[in-house]
Amino acid sequence: RRAGSGPLVNLTDPQTRIMVEGSGGGKVQGYNSQIVCSDDHFIIGLHVSQDANDLHCWTPALAAATTGVQALGKTIGVVLADNGYFTEDNLTATGPDRLIAGGKGRTVHHAATCHPVTGPPPPGLSPAEVMRHRLRDPDNARKYKRRSATVEPAIGRLKERIGLRRFARRGIDAVTAELHLAAAALNISRLHHATTG
């Protein structure tokens, strides 16, 4: 416990911010890392920020992924994102087609199963209503279901195989470089196993 009423400062890494850790609601001093994966579990884009939530991370993370795939002569088909990115700005931003859930995955599945729709959304809907309508289409709901099966394994591999549970470096630039190195190691490992199997 400290005396005084000034701002709290992390002397080890002043660029970190207080973040919610996991679904349990604990707090940690750190960074917000965004990982964009291809359908075959290669990491194609990364973004590290000081934002405590994901709302403002959509554009830079997608830009990093787009740059990465364009360097390979490829394009992004459909981007799948959870409700942490569900804002009008993210729904209407330029870029590839996207399916962003307006709630939990089970809510998307329930809406598509119990209240399915087909065809384009009716005119006059807001961007949020358009996206909710699109996700009630069973085909789009099936596509969206791939989200957790795409990115979560890559995050798990970064933690378990690469050992990246906490950043060892300090400062946002150094942390970004550390995440890029870990992602490159993971991608090389996956590429090796894919070509030697």
# chains A, B, ... in the order shown; residues from 1 in each chain; ligands from 1
>>> residues_around(residues="stretch 35-49 of chain A", least_positions_apart="5", cutoff="7 Å", atoms="only C-alpha atoms", output="number ranges by chain")
A: 60-61, 64-65, 68-69, 150-151, 154, 176, 183, 187
>>> write_last_selection(atoms="all heavy atoms", output="short mmCIF file (atom, residue, chain, number, x, y, z; two decimals), in the first residue's frame")
data_model
loop_
_atom_site.label_atom_id
_atom_site.label_comp_id
_atom_site.auth_asym_id
_atom_site.auth_seq_id
_atom_site.Cartn_x
_atom_site.Cartn_y
_atom_site.Cartn_z
N PRO A 60 -6.16 -2.52 -37.27
CA PRO A 60 -4.74 -2.84 -37.39
C PRO A 60 -4.44 -4.33 -37.51
O PRO A 60 -3.52 -4.72 -38.24
CB PRO A 60 -4.11 -2.24 -36.13
CG PRO A 60 -5.23 -1.96 -35.20
CD PRO A 60 -6.46 -1.82 -36.02
N ALA A 61 -5.21 -5.18 -36.84
CA ALA A 61 -4.98 -6.63 -36.95
C ALA A 61 -5.32 -7.11 -38.35
O ALA A 61 -4.57 -7.91 -38.94
CB ALA A 61 -5.81 -7.38 -35.91
N ALA A 64 -2.64 -5.98 -40.82
CA ALA A 64 -1.44 -6.82 -40.75
C ALA A 64 -1.66 -8.14 -41.49
O ALA A 64 -0.79 -8.60 -42.23
CB ALA A 64 -1.08 -7.08 -39.28
N ALA A 65 -2.83 -8.74 -41.32
CA ALA A 65 -3.14 -10.00 -42.00
C ALA A 65 -3.22 -9.79 -43.51
O ALA A 65 -2.70 -10.60 -44.29
CB ALA A 65 -4.45 -10.58 -41.48
N GLY A 68 0.19 -9.48 -44.96
CA GLY A 68 0.86 -10.77 -44.97
C GLY A 68 0.40 -11.66 -46.10
O GLY A 68 1.23 -12.27 -46.79
N VAL A 69 -0.89 -11.74 -46.33
CA VAL A 69 -1.38 -12.64 -47.39
C VAL A 69 -1.12 -12.06 -48.78
O VAL A 69 -0.88 -12.80 -49.73
CB VAL A 69 -2.87 -13.03 -47.21
CG1 VAL A 69 -3.07 -13.79 -45.93
CG2 VAL A 69 -3.78 -11.85 -47.30
N THR A 150 -10.35 -22.33 -35.61
CA THR A 150 -9.25 -21.78 -36.40
C THR A 150 -8.22 -21.09 -35.51
O THR A 150 -7.06 -21.42 -35.52
CB THR A 150 -9.79 -20.78 -37.44
OG1 THR A 150 -10.74 -21.45 -38.26
CG2 THR A 150 -8.69 -20.24 -38.31
N VAL A 151 -8.69 -20.12 -34.72
CA VAL A 151 -7.73 -19.31 -33.96
C VAL A 151 -7.36 -19.91 -32.61
O VAL A 151 -6.21 -19.79 -32.17
CB VAL A 151 -8.26 -17.85 -33.81
CG1 VAL A 151 -9.43 -17.79 -32.85
CG2 VAL A 151 -7.16 -16.91 -33.38
N ALA A 154 -4.28 -22.21 -32.55
CA ALA A 154 -3.03 -21.48 -32.73
C ALA A 154 -2.61 -20.79 -31.44
O ALA A 154 -1.43 -20.80 -31.07
CB ALA A 154 -3.17 -20.46 -33.86
N THR A 176 5.99 -6.72 -29.29
CA THR A 176 5.52 -7.01 -30.64
C THR A 176 6.54 -7.89 -31.37
O THR A 176 6.17 -8.87 -32.03
CB THR A 176 5.26 -5.71 -31.42
OG1 THR A 176 4.27 -4.94 -30.72
CG2 THR A 176 4.79 -5.98 -32.83
N ALA A 183 5.36 -16.39 -33.37
CA ALA A 183 4.47 -16.79 -34.47
C ALA A 183 5.26 -17.37 -35.63
O ALA A 183 4.84 -18.37 -36.23
CB ALA A 183 3.65 -15.58 -34.93
N ASN A 187 4.77 -21.06 -37.14
CA ASN A 187 4.48 -21.27 -38.56
C ASN A 187 5.52 -22.17 -39.22
O ASN A 187 5.17 -23.05 -40.02
CB ASN A 187 4.40 -19.93 -39.30
CG ASN A 187 3.08 -19.21 -39.05
OD1 ASN A 187 2.12 -19.78 -38.55
ND2 ASN A 187 3.06 -17.93 -39.38
#
>>> residues_around(residues="A:Gln15", least_positions_apart="4", cutoff="10 Å", atoms="only C-alpha atoms", output="PyMOL selection string")
chain A and resi 9-11+29-31+49-50+170-173
>>> atom_distance(atom1="atom CA of A:Thr67", atom2="atom CA of A:Gln34")
15.1 Å
>>> select_by_dssp(residues="chain A", states="strand (DSSP E or B)", output="number ranges by chain")
A: 17-21, 26-30, 32-37, 43-49, 78-81, 97-100
>>> write_last_selection(atoms="C-alpha atoms", output="tab-separated table (two decimals), in the first residue's frame")
chain	number	residue	atom	x	y	z
A	17	ARG	CA	-1.92	-1.29	-19.04
A	18	ILE	CA	-4.32	-3.10	-16.72
A	19	MET	CA	-6.05	-5.90	-18.69
A	20	VAL	CA	-8.74	-8.40	-17.77
A	21	GLU	CA	-7.20	-11.86	-17.82
A	26	GLY	CA	-8.78	-11.35	-12.96
A	27	LYS	CA	-6.53	-8.44	-13.81
A	28	VAL	CA	-2.99	-8.41	-15.15
A	29	GLN	CA	-0.59	-5.64	-16.13
A	30	GLY	CA	0.19	-6.29	-19.78
A	32	ASN	CA	-3.58	-6.93	-25.68
A	33	SER	CA	-2.38	-9.28	-28.42
A	34	GLN	CA	-4.45	-9.98	-31.52
A	35	ILE	CA	-3.73	-13.06	-33.63
A	36	VAL	CA	-5.22	-13.62	-37.08
A	37	CYS	CA	-5.08	-17.19	-38.44
A	43	ILE	CA	-0.70	-17.15	-38.18
A	44	ILE	CA	-1.08	-14.53	-40.91
A	45	GLY	CA	-1.30	-11.33	-38.86
A	46	LEU	CA	-0.49	-9.93	-35.43
A	47	HIS	CA	-1.19	-6.75	-33.53
A	48	VAL	CA	-0.17	-5.75	-30.01
A	49	SER	CA	-1.90	-2.82	-28.33
A	78	VAL	CA	-14.19	-14.22	-45.15
A	79	VAL	CA	-12.99	-12.94	-41.77
A	80	LEU	CA	-14.59	-14.59	-38.73
A	81	ALA	CA	-14.59	-12.61	-35.48
A	97	ASP	CA	-16.18	-9.83	-46.20
A	98	ARG	CA	-16.70	-10.56	-42.50
A	99	LEU	CA	-18.93	-12.43	-40.10
A	100	ILE	CA	-18.78	-10.81	-36.66
>>> residues_around(residues="A:Thr87", least_positions_apart="5", cutoff="10 Å", atoms="only C-alpha atoms", output="ChimeraX atom specification")
/A:55-56,58,92-93,100,102,127-128
>>> write_last_selection(atoms="N, CA, C and O atoms", output="PDB file, in the first residue's frame")
ATOM      1  N   LEU A  55     -12.137  -3.767 -29.278  1.00  0.00           N
ATOM      2  CA  LEU A  55     -12.941  -2.957 -30.193  1.00  0.00           C
ATOM      3  C   LEU A  55     -12.116  -2.186 -31.212  1.00  0.00           C
ATOM      4  O   LEU A  55     -12.480  -2.101 -32.378  1.00  0.00           O
ATOM      5  N   HIS A  56     -10.993  -1.607 -30.776  1.00  0.00           N
ATOM      6  CA  HIS A  56     -10.186  -0.771 -31.673  1.00  0.00           C
ATOM      7  C   HIS A  56      -9.037  -1.545 -32.311  1.00  0.00           C
ATOM      8  O   HIS A  56      -8.183  -0.957 -32.974  1.00  0.00           O
ATOM      9  N   TRP A  58      -9.493  -4.192 -34.437  1.00  0.00           N
ATOM     10  CA  TRP A  58      -9.924  -4.821 -35.690  1.00  0.00           C
ATOM     11  C   TRP A  58      -9.109  -4.330 -36.880  1.00  0.00           C
ATOM     12  O   TRP A  58      -8.509  -5.118 -37.611  1.00  0.00           O
ATOM     13  N   THR A  92     -18.577  -1.953 -40.748  1.00  0.00           N
ATOM     14  CA  THR A  92     -18.649  -1.194 -41.995  1.00  0.00           C
ATOM     15  C   THR A  92     -17.283  -0.797 -42.539  1.00  0.00           C
ATOM     16  O   THR A  92     -17.206  -0.153 -43.585  1.00  0.00           O
ATOM     17  N   ALA A  93     -16.200  -1.161 -41.856  1.00  0.00           N
ATOM     18  CA  ALA A  93     -14.854  -0.801 -42.314  1.00  0.00           C
ATOM     19  C   ALA A  93     -14.568  -1.442 -43.671  1.00  0.00           C
ATOM     20  O   ALA A  93     -15.120  -2.494 -44.008  1.00  0.00           O
ATOM     21  N   ILE A 100     -19.108 -11.171 -38.036  1.00  0.00           N
ATOM     22  CA  ILE A 100     -18.778 -10.809 -36.655  1.00  0.00           C
ATOM     23  C   ILE A 100     -20.009 -11.087 -35.809  1.00  0.00           C
ATOM     24  O   ILE A 100     -21.081 -10.532 -36.047  1.00  0.00           O
ATOM     25  N   GLY A 102     -22.718 -11.024 -32.929  1.00  0.00           N
ATOM     26  CA  GLY A 102     -23.265 -10.003 -32.033  1.00  0.00           C
ATOM     27  C   GLY A 102     -23.497 -10.542 -30.639  1.00  0.00           C
ATOM     28  O   GLY A 102     -24.088  -9.872 -29.793  1.00  0.00           O
ATOM     29  N   PRO A 127     -26.283  -1.580 -39.664  1.00  0.00           N
ATOM     30  CA  PRO A 127     -25.206  -2.565 -39.889  1.00  0.00           C
ATOM     31  C   PRO A 127     -25.236  -3.723 -38.881  1.00  0.00           C
ATOM     32  O   PRO A 127     -24.989  -4.872 -39.259  1.00  0.00           O
ATOM     33  N   ALA A 128     -25.581  -3.449 -37.629  1.00  0.00           N
ATOM     34  CA  ALA A 128     -25.665  -4.513 -36.624  1.00  0.00           C
ATOM     35  C   ALA A 128     -26.798  -5.474 -36.950  1.00  0.00           C
ATOM     36  O   ALA A 128     -26.637  -6.703 -36.854  1.00  0.00           O
TER      37      ALA A 128
END
>>> atom_distance(atom1="atom CA of A:Glu152", atom2="atom CA of A:Val108")
18.0 Å
>>> residues_around(residues="stretch 135-146 of chain A", least_positions_apart="2", cutoff="7 Å", atoms="only C-alpha atoms", output="ChimeraX atom specification")
/A:80,99,108-109,111-112,115-118,131-133,148-150
>>> write_last_selection(atoms="N, CA and C atoms", output="mmCIF file, in the first residue's frame")
data_model
loop_
_atom_site.group_PDB
_atom_site.id
_atom_site.type_symbol
_atom_site.label_atom_id
_atom_site.label_comp_id
_atom_site.auth_asym_id
_atom_site.auth_seq_id
_atom_site.Cartn_x
_atom_site.Cartn_y
_atom_site.Cartn_z
ATOM 1 N N LEU A 80 -13.691 -14.171 -39.801
ATOM 2 C CA LEU A 80 -14.593 -14.594 -38.732
ATOM 3 C C LEU A 80 -14.109 -13.982 -37.429
ATOM 4 N N LEU A 99 -17.829 -11.962 -40.941
ATOM 5 C CA LEU A 99 -18.931 -12.425 -40.099
ATOM 6 C C LEU A 99 -18.496 -12.173 -38.664
ATOM 7 N N VAL A 108 -25.428 -17.420 -31.647
ATOM 8 C CA VAL A 108 -25.437 -17.437 -33.115
ATOM 9 C C VAL A 108 -26.022 -18.755 -33.609
ATOM 10 N N HIS A 109 -25.552 -19.863 -33.046
ATOM 11 C CA HIS A 109 -26.031 -21.188 -33.446
ATOM 12 C C HIS A 109 -27.533 -21.329 -33.183
ATOM 13 N N ALA A 111 -29.838 -18.944 -32.962
ATOM 14 C CA ALA A 111 -30.612 -18.095 -33.871
ATOM 15 C C ALA A 111 -30.696 -18.718 -35.257
ATOM 16 N N ALA A 112 -29.586 -19.296 -35.733
ATOM 17 C CA ALA A 112 -29.590 -19.910 -37.073
ATOM 18 C C ALA A 112 -30.399 -21.197 -37.099
ATOM 19 N N HIS A 115 -34.389 -19.780 -35.760
ATOM 20 C CA HIS A 115 -34.983 -18.689 -36.537
ATOM 21 C C HIS A 115 -34.181 -18.458 -37.817
ATOM 22 N N PRO A 116 -34.019 -19.490 -38.652
ATOM 23 C CA PRO A 116 -33.167 -19.338 -39.838
ATOM 24 C C PRO A 116 -33.780 -18.397 -40.867
ATOM 25 N N VAL A 117 -32.896 -17.801 -41.648
ATOM 26 C CA VAL A 117 -33.319 -16.937 -42.752
ATOM 27 C C VAL A 117 -32.515 -17.329 -43.987
ATOM 28 N N THR A 118 -33.002 -16.925 -45.142
ATOM 29 C CA THR A 118 -32.253 -17.088 -46.382
ATOM 30 C C THR A 118 -32.369 -15.796 -47.159
ATOM 31 N N MET A 131 -25.817 -7.704 -39.899
ATOM 32 C CA MET A 131 -24.922 -8.790 -39.518
ATOM 33 C C MET A 131 -25.675 -9.879 -38.766
ATOM 34 N N ARG A 132 -26.569 -9.491 -37.870
ATOM 35 C CA ARG A 132 -27.358 -10.504 -37.148
ATOM 36 C C ARG A 132 -28.211 -11.320 -38.125
ATOM 37 N N HIS A 133 -28.773 -10.644 -39.122
ATOM 38 C CA HIS A 133 -29.552 -11.343 -40.148
ATOM 39 C C HIS A 133 -28.661 -12.320 -40.915
ATOM 40 N N SER A 148 -13.676 -20.519 -33.771
ATOM 41 C CA SER A 148 -12.944 -21.033 -32.610
ATOM 42 C C SER A 148 -12.037 -22.190 -32.996
ATOM 43 N N ALA A 149 -12.412 -22.953 -34.008
ATOM 44 C CA ALA A 149 -11.579 -24.074 -34.443
ATOM 45 C C ALA A 149 -10.385 -23.606 -35.267
ATOM 46 N N THR A 150 -10.349 -22.333 -35.614
ATOM 47 C CA THR A 150 -9.245 -21.782 -36.397
ATOM 48 C C THR A 150 -8.224 -21.088 -35.508
#
>>> select_by_dssp(residues="stretch 13-193 of chain A", states="helix (DSSP H, G or I)", output="number ranges by chain")
A: 58-71, 83-85, 88-92, 105-114, 127-135, 138-160, 172-193
>>> closest_residue(among="A:Leu186, A:Leu181, A:Gly84, A:Gly25", to="A:Ile162", atoms="only C-alpha atoms")
A:Leu186
>>> atom_distance(atom1="atom CA of A:Leu158", atom2="atom CA of A:Ser189")
11.2 Å
>>> decode(residues="stretch 151-166 of chain A", atoms="all heavy atoms", output="PDB file, in the first residue's frame")
ATOM      1  N   VAL A 151      -8.685 -20.124 -34.717  1.00  0.00           N
ATOM      2  CA  VAL A 151      -7.728 -19.305 -33.963  1.00  0.00           C
ATOM      3  C   VAL A 151      -7.357 -19.906 -32.606  1.00  0.00           C
ATOM      4  O   VAL A 151      -6.211 -19.789 -32.173  1.00  0.00           O
ATOM      5  CB  VAL A 151      -8.259 -17.853 -33.812  1.00  0.00           C
ATOM      6  CG1 VAL A 151      -9.434 -17.788 -32.851  1.00  0.00           C
ATOM      7  CG2 VAL A 151      -7.160 -16.910 -33.379  1.00  0.00           C
ATOM      8  N   GLU A 152      -8.287 -20.557 -31.940  1.00  0.00           N
ATOM      9  CA  GLU A 152      -7.982 -21.074 -30.598  1.00  0.00           C
ATOM     10  C   GLU A 152      -6.862 -22.113 -30.594  1.00  0.00           C
ATOM     11  O   GLU A 152      -5.999 -22.081 -29.707  1.00  0.00           O
ATOM     12  CB  GLU A 152      -9.249 -21.621 -29.928  1.00  0.00           C
ATOM     13  CG  GLU A 152     -10.360 -20.596 -29.726  1.00  0.00           C
ATOM     14  CD  GLU A 152      -9.952 -19.385 -28.881  1.00  0.00           C
ATOM     15  OE1 GLU A 152      -9.016 -19.496 -28.059  1.00  0.00           O
ATOM     16  OE2 GLU A 152     -10.569 -18.322 -29.061  1.00  0.00           O
ATOM     17  N   PRO A 153      -6.798 -23.051 -31.571  1.00  0.00           N
ATOM     18  CA  PRO A 153      -5.662 -23.976 -31.579  1.00  0.00           C
ATOM     19  C   PRO A 153      -4.312 -23.267 -31.739  1.00  0.00           C
ATOM     20  O   PRO A 153      -3.324 -23.664 -31.135  1.00  0.00           O
ATOM     21  CB  PRO A 153      -5.940 -24.891 -32.773  1.00  0.00           C
ATOM     22  CG  PRO A 153      -7.422 -24.850 -32.930  1.00  0.00           C
ATOM     23  CD  PRO A 153      -7.807 -23.443 -32.564  1.00  0.00           C
ATOM     24  N   ALA A 154      -4.281 -22.212 -32.551  1.00  0.00           N
ATOM     25  CA  ALA A 154      -3.027 -21.478 -32.734  1.00  0.00           C
ATOM     26  C   ALA A 154      -2.609 -20.790 -31.436  1.00  0.00           C
ATOM     27  O   ALA A 154      -1.428 -20.801 -31.067  1.00  0.00           O
ATOM     28  CB  ALA A 154      -3.167 -20.455 -33.855  1.00  0.00           C
ATOM     29  N   ILE A 155      -3.559 -20.228 -30.724  1.00  0.00           N
ATOM     30  CA  ILE A 155      -3.246 -19.598 -29.437  1.00  0.00           C
ATOM     31  C   ILE A 155      -2.748 -20.652 -28.457  1.00  0.00           C
ATOM     32  O   ILE A 155      -1.765 -20.442 -27.737  1.00  0.00           O
ATOM     33  CB  ILE A 155      -4.484 -18.846 -28.891  1.00  0.00           C
ATOM     34  CG1 ILE A 155      -4.806 -17.642 -29.783  1.00  0.00           C
ATOM     35  CG2 ILE A 155      -4.257 -18.402 -27.449  1.00  0.00           C
ATOM     36  CD1 ILE A 155      -6.131 -16.987 -29.493  1.00  0.00           C
ATOM     37  N   GLY A 156      -3.410 -21.800 -28.433  1.00  0.00           N
ATOM     38  CA  GLY A 156      -2.983 -22.890 -27.557  1.00  0.00           C
ATOM     39  C   GLY A 156      -1.575 -23.364 -27.883  1.00  0.00           C
ATOM     40  O   GLY A 156      -0.772 -23.641 -26.990  1.00  0.00           O
ATOM     41  N   ARG A 157      -1.245 -23.465 -29.165  1.00  0.00           N
ATOM     42  CA  ARG A 157       0.098 -23.897 -29.564  1.00  0.00           C
ATOM     43  C   ARG A 157       1.148 -22.863 -29.173  1.00  0.00           C
ATOM     44  O   ARG A 157       2.263 -23.217 -28.796  1.00  0.00           O
ATOM     45  CB  ARG A 157       0.142 -24.170 -31.063  1.00  0.00           C
ATOM     46  CG  ARG A 157      -0.573 -25.439 -31.446  1.00  0.00           C
ATOM     47  CD  ARG A 157      -0.430 -25.732 -32.939  1.00  0.00           C
ATOM     48  NE  ARG A 157      -1.267 -26.849 -33.287  1.00  0.00           N
ATOM     49  CZ  ARG A 157      -2.416 -26.742 -33.946  1.00  0.00           C
ATOM     50  NH1 ARG A 157      -2.860 -25.558 -34.327  1.00  0.00           N
ATOM     51  NH2 ARG A 157      -3.124 -27.821 -34.225  1.00  0.00           N
ATOM     52  N   LEU A 158       0.812 -21.570 -29.304  1.00  0.00           N
ATOM     53  CA  LEU A 158       1.756 -20.537 -28.862  1.00  0.00           C
ATOM     54  C   LEU A 158       2.063 -20.694 -27.378  1.00  0.00           C
ATOM     55  O   LEU A 158       3.206 -20.536 -26.954  1.00  0.00           O
ATOM     56  CB  LEU A 158       1.200 -19.139 -29.126  1.00  0.00           C
ATOM     57  CG  LEU A 158       1.339 -18.586 -30.532  1.00  0.00           C
ATOM     58  CD1 LEU A 158       0.592 -17.268 -30.659  1.00  0.00           C
ATOM     59  CD2 LEU A 158       2.811 -18.394 -30.904  1.00  0.00           C
ATOM     60  N   LYS A 159       1.043 -21.023 -26.601  1.00  0.00           N
ATOM     61  CA  LYS A 159       1.242 -21.173 -25.156  1.00  0.00           C
ATOM     62  C   LYS A 159       1.961 -22.470 -24.810  1.00  0.00           C
ATOM     63  O   LYS A 159       2.901 -22.469 -24.005  1.00  0.00           O
ATOM     64  CB  LYS A 159      -0.111 -21.119 -24.438  1.00  0.00           C
ATOM     65  CG  LYS A 159      -0.756 -19.754 -24.457  1.00  0.00           C
ATOM     66  CD  LYS A 159      -2.105 -19.794 -23.764  1.00  0.00           C
ATOM     67  CE  LYS A 159      -2.740 -18.420 -23.735  1.00  0.00           C
ATOM     68  NZ  LYS A 159      -4.065 -18.434 -23.108  1.00  0.00           N
ATOM     69  N   GLU A 160       1.530 -23.588 -25.401  1.00  0.00           N
ATOM     70  CA  GLU A 160       2.045 -24.900 -25.001  1.00  0.00           C
ATOM     71  C   GLU A 160       3.335 -25.290 -25.719  1.00  0.00           C
ATOM     72  O   GLU A 160       4.274 -25.746 -25.086  1.00  0.00           O
ATOM     73  CB  GLU A 160       0.977 -25.980 -25.224  1.00  0.00           C
ATOM     74  CG  GLU A 160      -0.240 -25.810 -24.337  1.00  0.00           C
ATOM     75  CD  GLU A 160       0.078 -25.821 -22.856  1.00  0.00           C
ATOM     76  OE1 GLU A 160       0.955 -26.594 -22.424  1.00  0.00           O
ATOM     77  OE2 GLU A 160      -0.545 -25.032 -22.124  1.00  0.00           O
ATOM     78  N   ARG A 161       3.372 -25.137 -27.031  1.00  0.00           N
ATOM     79  CA  ARG A 161       4.554 -25.580 -27.783  1.00  0.00           C
ATOM     80  C   ARG A 161       5.676 -24.557 -27.763  1.00  0.00           C
ATOM     81  O   ARG A 161       6.843 -24.901 -27.665  1.00  0.00           O
ATOM     82  CB  ARG A 161       4.188 -25.893 -29.229  1.00  0.00           C
ATOM     83  CG  ARG A 161       3.324 -27.127 -29.339  1.00  0.00           C
ATOM     84  CD  ARG A 161       3.190 -27.561 -30.757  1.00  0.00           C
ATOM     85  NE  ARG A 161       2.276 -28.697 -30.834  1.00  0.00           N
ATOM     86  CZ  ARG A 161       1.686 -29.081 -31.929  1.00  0.00           C
ATOM     87  NH1 ARG A 161       1.911 -28.426 -33.057  1.00  0.00           N
ATOM     88  NH2 ARG A 161       0.878 -30.114 -31.930  1.00  0.00           N
ATOM     89  N   ILE A 162       5.312 -23.284 -27.883  1.00  0.00           N
ATOM     90  CA  ILE A 162       6.326 -22.231 -27.921  1.00  0.00           C
ATOM     91  C   ILE A 162       6.638 -21.738 -26.505  1.00  0.00           C
ATOM     92  O   ILE A 162       7.711 -21.235 -26.245  1.00  0.00           O
ATOM     93  CB  ILE A 162       5.863 -21.061 -28.831  1.00  0.00           C
ATOM     94  CG1 ILE A 162       5.510 -21.564 -30.239  1.00  0.00           C
ATOM     95  CG2 ILE A 162       6.890 -19.952 -28.900  1.00  0.00           C
ATOM     96  CD1 ILE A 162       6.658 -22.192 -31.002  1.00  0.00           C
ATOM     97  N   GLY A 163       5.703 -21.907 -25.580  1.00  0.00           N
ATOM     98  CA  GLY A 163       5.913 -21.478 -24.196  1.00  0.00           C
ATOM     99  C   GLY A 163       5.647 -20.006 -23.956  1.00  0.00           C
ATOM    100  O   GLY A 163       6.147 -19.426 -22.990  1.00  0.00           O
ATOM    101  N   LEU A 164       4.854 -19.386 -24.820  1.00  0.00           N
ATOM    102  CA  LEU A 164       4.577 -17.954 -24.696  1.00  0.00           C
ATOM    103  C   LEU A 164       3.320 -17.733 -23.854  1.00  0.00           C
ATOM    104  O   LEU A 164       2.225 -17.566 -24.377  1.00  0.00           O
ATOM    105  CB  LEU A 164       4.420 -17.308 -26.077  1.00  0.00           C
ATOM    106  CG  LEU A 164       4.278 -15.789 -26.085  1.00  0.00           C
ATOM    107  CD1 LEU A 164       5.540 -15.126 -25.545  1.00  0.00           C
ATOM    108  CD2 LEU A 164       3.992 -15.288 -27.474  1.00  0.00           C
ATOM    109  N   ARG A 165       3.490 -17.763 -22.548  1.00  0.00           N
ATOM    110  CA  ARG A 165       2.376 -17.476 -21.633  1.00  0.00           C
ATOM    111  C   ARG A 165       2.479 -16.066 -21.080  1.00  0.00           C
ATOM    112  O   ARG A 165       1.486 -15.462 -20.706  1.00  0.00           O
ATOM    113  CB  ARG A 165       2.356 -18.492 -20.496  1.00  0.00           C
ATOM    114  CG  ARG A 165       1.996 -19.883 -20.983  1.00  0.00           C
ATOM    115  CD  ARG A 165       1.871 -20.858 -19.830  1.00  0.00           C
ATOM    116  NE  ARG A 165       1.251 -22.077 -20.305  1.00  0.00           N
ATOM    117  CZ  ARG A 165      -0.049 -22.256 -20.441  1.00  0.00           C
ATOM    118  NH1 ARG A 165      -0.889 -21.295 -20.152  1.00  0.00           N
ATOM    119  NH2 ARG A 165      -0.530 -23.394 -20.879  1.00  0.00           N
ATOM    120  N   ARG A 166       3.674 -15.559 -21.002  1.00  0.00           N
ATOM    121  CA  ARG A 166       3.956 -14.186 -20.561  1.00  0.00           C
ATOM    122  C   ARG A 166       5.079 -13.653 -21.442  1.00  0.00           C
ATOM    123  O   ARG A 166       5.966 -14.393 -21.835  1.00  0.00           O
ATOM    124  CB  ARG A 166       4.436 -14.156 -19.108  1.00  0.00           C
ATOM    125  CG  ARG A 166       3.429 -14.651 -18.111  1.00  0.00           C
ATOM    126  CD  ARG A 166       2.530 -13.507 -17.669  1.00  0.00           C
ATOM    127  NE  ARG A 166       1.686 -13.901 -16.560  1.00  0.00           N
ATOM    128  CZ  ARG A 166       0.391 -14.092 -16.664  1.00  0.00           C
ATOM    129  NH1 ARG A 166      -0.216 -13.957 -17.811  1.00  0.00           N
ATOM    130  NH2 ARG A 166      -0.327 -14.431 -15.620  1.00  0.00           N
TER     131      ARG A 166
END
